[in-house]
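What's in protein.cif: mmCIF, C-alpha atoms
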```cif
data_run
loop_
_atom_site.group_PDB
_atom_site.id
_atom_site.type_symbol
_atom_site.label_atom_id
_atom_site.label_comp_id
_atom_site.auth_asym_id
_atom_site.auth_seq_id
_atom_site.Cartn_x
_atom_site.Cartn_y
_atom_site.Cartn_z
ATOM 1 C CA MET A 236 59.895 -164.063 -155.211
ATOM 2 C CA ARG A 237 56.793 -165.264 -153.346
ATOM 3 C CA PHE A 238 57.259 -162.456 -150.823
ATOM 4 C CA LEU A 239 57.279 -159.848 -153.621
ATOM 5 C CA ILE A 240 54.115 -161.247 -155.243
ATOM 6 C CA ALA A 241 52.333 -161.494 -151.873
ATOM 7 C CA SER A 242 53.288 -157.876 -151.087
ATOM 8 C CA ILE A 243 51.996 -156.660 -154.438
ATOM 9 C CA VAL A 244 48.720 -158.544 -153.991
ATOM 10 C CA LEU A 245 48.222 -157.132 -150.474
ATOM 11 C CA LEU A 246 48.975 -153.598 -151.643
ATOM 12 C CA LEU A 247 46.570 -153.997 -154.547
ATOM 13 C CA ILE A 248 43.787 -155.227 -152.244
ATOM 14 C CA ALA A 249 44.433 -152.358 -149.805
ATOM 15 C CA PHE A 250 44.305 -149.855 -152.672
ATOM 16 C CA VAL A 251 41.001 -151.267 -153.994
ATOM 17 C CA ILE A 252 39.445 -151.141 -150.518
ATOM 18 C CA LYS A 253 40.674 -147.560 -149.990
ATOM 19 C CA VAL A 254 39.252 -146.399 -153.327
ATOM 20 C CA ASP A 255 35.928 -148.148 -152.668
ATOM 21 C CA LEU A 256 35.576 -146.546 -149.240
ATOM 22 C CA GLN A 257 36.437 -143.060 -150.474
ATOM 23 C CA GLU A 258 34.855 -142.935 -153.915
ATOM 24 C CA GLY A 259 32.839 -146.083 -154.318
ATOM 25 C CA SER A 260 29.321 -147.083 -153.410
ATOM 26 C CA LEU A 261 29.731 -147.283 -149.632
ATOM 27 C CA PRO A 262 29.684 -143.512 -148.877
ATOM 28 C CA LEU A 263 26.720 -143.052 -151.216
ATOM 29 C CA ALA A 264 24.592 -145.740 -149.588
ATOM 30 C CA SER A 265 21.632 -144.721 -147.493
ATOM 31 C CA PHE A 266 21.487 -147.016 -144.498
ATOM 32 C CA TYR A 267 18.881 -145.367 -142.306
ATOM 33 C CA ALA A 268 15.500 -143.777 -142.871
ATOM 34 C CA SER A 269 16.600 -140.937 -140.583
ATOM 35 C CA SER A 270 18.925 -139.720 -143.339
ATOM 36 C CA ILE A 271 15.873 -138.225 -145.080
ATOM 37 C CA PRO A 272 15.673 -134.593 -143.931
ATOM 38 C CA SER A 273 12.620 -133.522 -142.003
ATOM 39 C CA CYS A 274 10.657 -130.384 -142.801
ATOM 40 C CA ASP A 275 12.734 -128.414 -140.299
ATOM 41 C CA GLU A 276 16.019 -129.383 -141.949
ATOM 42 C CA ILE A 277 15.265 -128.393 -145.573
ATOM 43 C CA PRO A 278 16.991 -125.059 -146.248
ATOM 44 C CA GLN A 279 15.184 -122.261 -148.081
ATOM 45 C CA GLU A 280 17.359 -119.545 -149.575
ATOM 46 C CA SER A 281 16.297 -115.936 -149.855
ATOM 47 C CA TYR A 282 18.296 -112.739 -149.979
ATOM 48 C CA VAL A 283 18.473 -109.181 -148.670
ATOM 49 C CA VAL A 284 19.533 -106.265 -150.859
ATOM 50 C CA VAL A 285 22.288 -104.221 -149.178
ATOM 51 C CA LYS A 286 24.057 -101.051 -150.318
ATOM 52 C CA ILE A 287 27.789 -101.251 -149.637
ATOM 53 C CA GLN A 288 29.278 -98.572 -147.391
ATOM 54 C CA GLN A 289 32.924 -97.535 -147.058
ATOM 55 C CA GLY A 290 34.890 -100.164 -145.093
ATOM 56 C CA ASP A 291 32.357 -102.980 -145.545
ATOM 57 C CA THR A 292 33.650 -106.499 -145.998
ATOM 58 C CA ILE A 293 31.747 -109.653 -146.887
ATOM 59 C CA TYR A 294 32.244 -110.867 -143.323
ATOM 60 C CA SER A 295 30.815 -107.633 -141.876
ATOM 61 C CA LEU A 296 27.832 -107.842 -144.236
ATOM 62 C CA PHE A 297 27.161 -111.428 -143.106
ATOM 63 C CA SER A 298 27.427 -110.326 -139.465
ATOM 64 C CA ALA A 299 24.961 -107.486 -140.022
ATOM 65 C CA THR A 300 22.429 -109.817 -141.689
ATOM 66 C CA PRO A 301 22.510 -113.098 -139.747
ATOM 67 C CA SER A 302 20.874 -116.192 -141.119
ATOM 68 C CA PRO A 303 18.238 -118.052 -139.009
ATOM 69 C CA VAL A 304 19.803 -121.400 -139.923
ATOM 70 C CA LYS A 305 23.372 -121.891 -138.726
ATOM 71 C CA THR A 306 25.688 -122.200 -141.732
ATOM 72 C CA THR A 307 29.433 -122.021 -142.099
ATOM 73 C CA PHE A 308 31.141 -119.021 -143.640
ATOM 74 C CA PRO A 309 32.302 -120.946 -146.764
ATOM 75 C CA GLU A 310 28.759 -122.253 -147.397
ATOM 76 C CA ARG A 311 27.269 -118.786 -147.108
ATOM 77 C CA LEU A 312 30.095 -117.354 -149.231
ATOM 78 C CA ALA A 313 29.262 -119.859 -151.976
ATOM 79 C CA HIS A 314 25.627 -118.694 -151.884
ATOM 80 C CA PHE A 315 26.848 -115.066 -151.928
ATOM 81 C CA TYR A 316 28.884 -115.606 -155.092
ATOM 82 C CA LYS A 317 26.003 -117.510 -156.675
ATOM 83 C CA LEU A 318 23.790 -114.443 -156.140
ATOM 84 C CA ASN A 319 26.558 -111.963 -157.047
ATOM 85 C CA PRO A 320 28.705 -113.589 -159.763
ATOM 86 C CA HIS A 321 30.014 -110.191 -160.882
ATOM 87 C CA LEU A 322 31.892 -109.850 -157.551
ATOM 88 C CA ASN A 323 33.972 -112.997 -157.993
ATOM 89 C CA LEU A 324 37.613 -111.936 -157.402
ATOM 90 C CA GLN A 325 36.523 -108.270 -157.266
ATOM 91 C CA PRO A 326 36.657 -105.857 -154.313
ATOM 92 C CA LEU A 327 33.484 -104.430 -152.796
ATOM 93 C CA VAL A 328 32.885 -100.912 -154.115
ATOM 94 C CA PRO A 329 31.035 -98.409 -151.877
ATOM 95 C CA GLY A 330 27.690 -97.463 -153.383
ATOM 96 C CA ASP A 331 27.094 -100.776 -155.148
ATOM 97 C CA THR A 332 24.206 -102.983 -154.142
ATOM 98 C CA VAL A 333 24.667 -106.686 -153.418
ATOM 99 C CA PHE A 334 22.423 -109.584 -152.495
ATOM 100 C CA ILE A 335 23.173 -111.138 -149.096
ATOM 101 C CA PRO A 336 21.905 -114.751 -148.792
ATOM 102 C CA ILE A 337 19.575 -115.549 -145.900
ATOM 103 C CA ILE A 338 19.105 -119.285 -145.388
ATOM 104 C CA SER A 339 16.011 -120.340 -143.445
ATOM 105 C CA ASN A 340 13.887 -123.468 -142.994
ATOM 106 C CA ALA A 341 11.211 -124.267 -145.581
ATOM 107 C CA LYS A 342 8.345 -125.599 -143.463
ATOM 108 C CA GLU A 343 5.656 -124.150 -145.703
ATOM 109 C CA ASN A 344 6.925 -126.012 -148.796
ATOM 110 C CA CYS A 345 7.309 -129.383 -147.070
ATOM 111 C CA THR A 346 4.939 -132.238 -147.925
ATOM 112 C CA ASN A 347 6.084 -134.739 -145.232
#
```

Any chance you could give the structure as structure tokens?
Amino acid sequence: MRFLIASIVLLLIAFVIKVDLQEGSLPLASFYASSIPSCDEIPQESYVVVKIQQGDTIYSLFSATPSPVKTTFPERLAHFYKLNPHLNLQPLVPGDTVFIPIISNAKENCTN
């Protein structure tokens, strides 16, 4: 019986530690002053208006209009759908115009 209670207590402690590390205060803590982004690291979002041609895909549009700041495809896709909510789950239609996000650094707006 003691073995069962000790096992349950250990499992409960392990579960509490796991939850605290994943969802608790530890990941949200700011330990270092270097975690504050510098002026070069603050992204500034703008967009380019593009008219869709036959055979265009979102990936080809992103390749044709590269962003100065390196971003992943899913991040840029999220910005794309934020600018073009009408295209969510819709195909690109030739002749339509879309906004392509261009993410750059915001040095001019920085006060640091």

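This file gives the following result for the PyMOL selection byres ((chain A and resi 328) around 12): A:Lys286, A:Ile287, A:Gln288, A:Gln289, A:Gly290, A:Asp291, A:Thr292, A:Ile293, A:His321, A:Leu322, A:Gln325, A:Pro326, A:Leu327, A:Pro329, A:Gly330, A:Asp331, A:Thr332, A:Val333.
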
Those residues with C-alpha atoms, as a compact mmCIF listing (two decimals), in the coordinates of the input please?
```
# COMPACT_ATOMS: atom_id res chain seq x y z
CA LYS A 286 24.06 -101.05 -150.32
CA ILE A 287 27.79 -101.25 -149.64
CA GLN A 288 29.28 -98.57 -147.39
CA GLN A 289 32.92 -97.54 -147.06
CA GLY A 290 34.89 -100.16 -145.09
CA ASP A 291 32.36 -102.98 -145.54
CA THR A 292 33.65 -106.50 -146.00
CA ILE A 293 31.75 -109.65 -146.89
CA HIS A 321 30.01 -110.19 -160.88
CA LEU A 322 31.89 -109.85 -157.55
CA GLN A 325 36.52 -108.27 -157.27
CA PRO A 326 36.66 -105.86 -154.31
CA LEU A 327 33.48 -104.43 -152.80
CA PRO A 329 31.04 -98.41 -151.88
CA GLY A 330 27.69 -97.46 -153.38
CA ASP A 331 27.09 -100.78 -155.15
CA THR A 332 24.21 -102.98 -154.14
CA VAL A 333 24.67 -106.69 -153.42
```

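Here atom CA of Ile338 of chain A is placed at a distance of 23.3 Å from atom CA of Leu324 of chain A.
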
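A straight line drawn from atom CA of Thr307 of chain A to atom CA of Leu256 of chain A is 26.3 Å long.
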
Inset, instruction - Enumerate, as JSON, numbers by chain, the residues matched when the PyMOL selection byres ((chain A and resi 303) around 10) is run on the file above. - result: {"A": [300, 301, 302, 304, 305, 306, 337, 338, 339, 340]}

Starting from the displayed file, determine the output of the PyMOL selection byres ((chain A and resi 319) around 10) and express the residue list as a PDB file with C-alpha atoms, in the coordinates of the input.
```
ATOM      1  CA  ALA A 313      29.262-119.859-151.976  1.00  0.00           C
ATOM      2  CA  HIS A 314      25.627-118.694-151.884  1.00  0.00           C
ATOM      3  CA  PHE A 315      26.848-115.066-151.928  1.00  0.00           C
ATOM      4  CA  TYR A 316      28.884-115.606-155.092  1.00  0.00           C
ATOM      5  CA  LYS A 317      26.003-117.510-156.675  1.00  0.00           C
ATOM      6  CA  LEU A 318      23.790-114.443-156.140  1.00  0.00           C
ATOM      7  CA  PRO A 320      28.705-113.589-159.763  1.00  0.00           C
ATOM      8  CA  HIS A 321      30.014-110.191-160.882  1.00  0.00           C
ATOM      9  CA  LEU A 322      31.892-109.850-157.551  1.00  0.00           C
ATOM     10  CA  ASN A 323      33.972-112.997-157.993  1.00  0.00           C
ATOM     11  CA  THR A 332      24.206-102.983-154.142  1.00  0.00           C
ATOM     12  CA  VAL A 333      24.667-106.686-153.418  1.00  0.00           C
ATOM     13  CA  PHE A 334      22.423-109.584-152.495  1.00  0.00           C
ATOM     14  CA  ILE A 335      23.173-111.138-149.096  1.00  0.00           C
ATOM     15  CA  PRO A 336      21.905-114.751-148.792  1.00  0.00           C
TER      16      PRO A 336
END
```

Inset, instruction - Tell me, in Å to one decimal, how far atom CA of Val283 of chain A is from atom CA of Glu310 of chain A. - result: 16.7 Å

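Comparing A:Ala249, A:Leu312, A:Gln257, A:Ala241 by their smallest distance to Tyr294 of chain A, the closest is A:Leu312 (using all atoms listed in the file).
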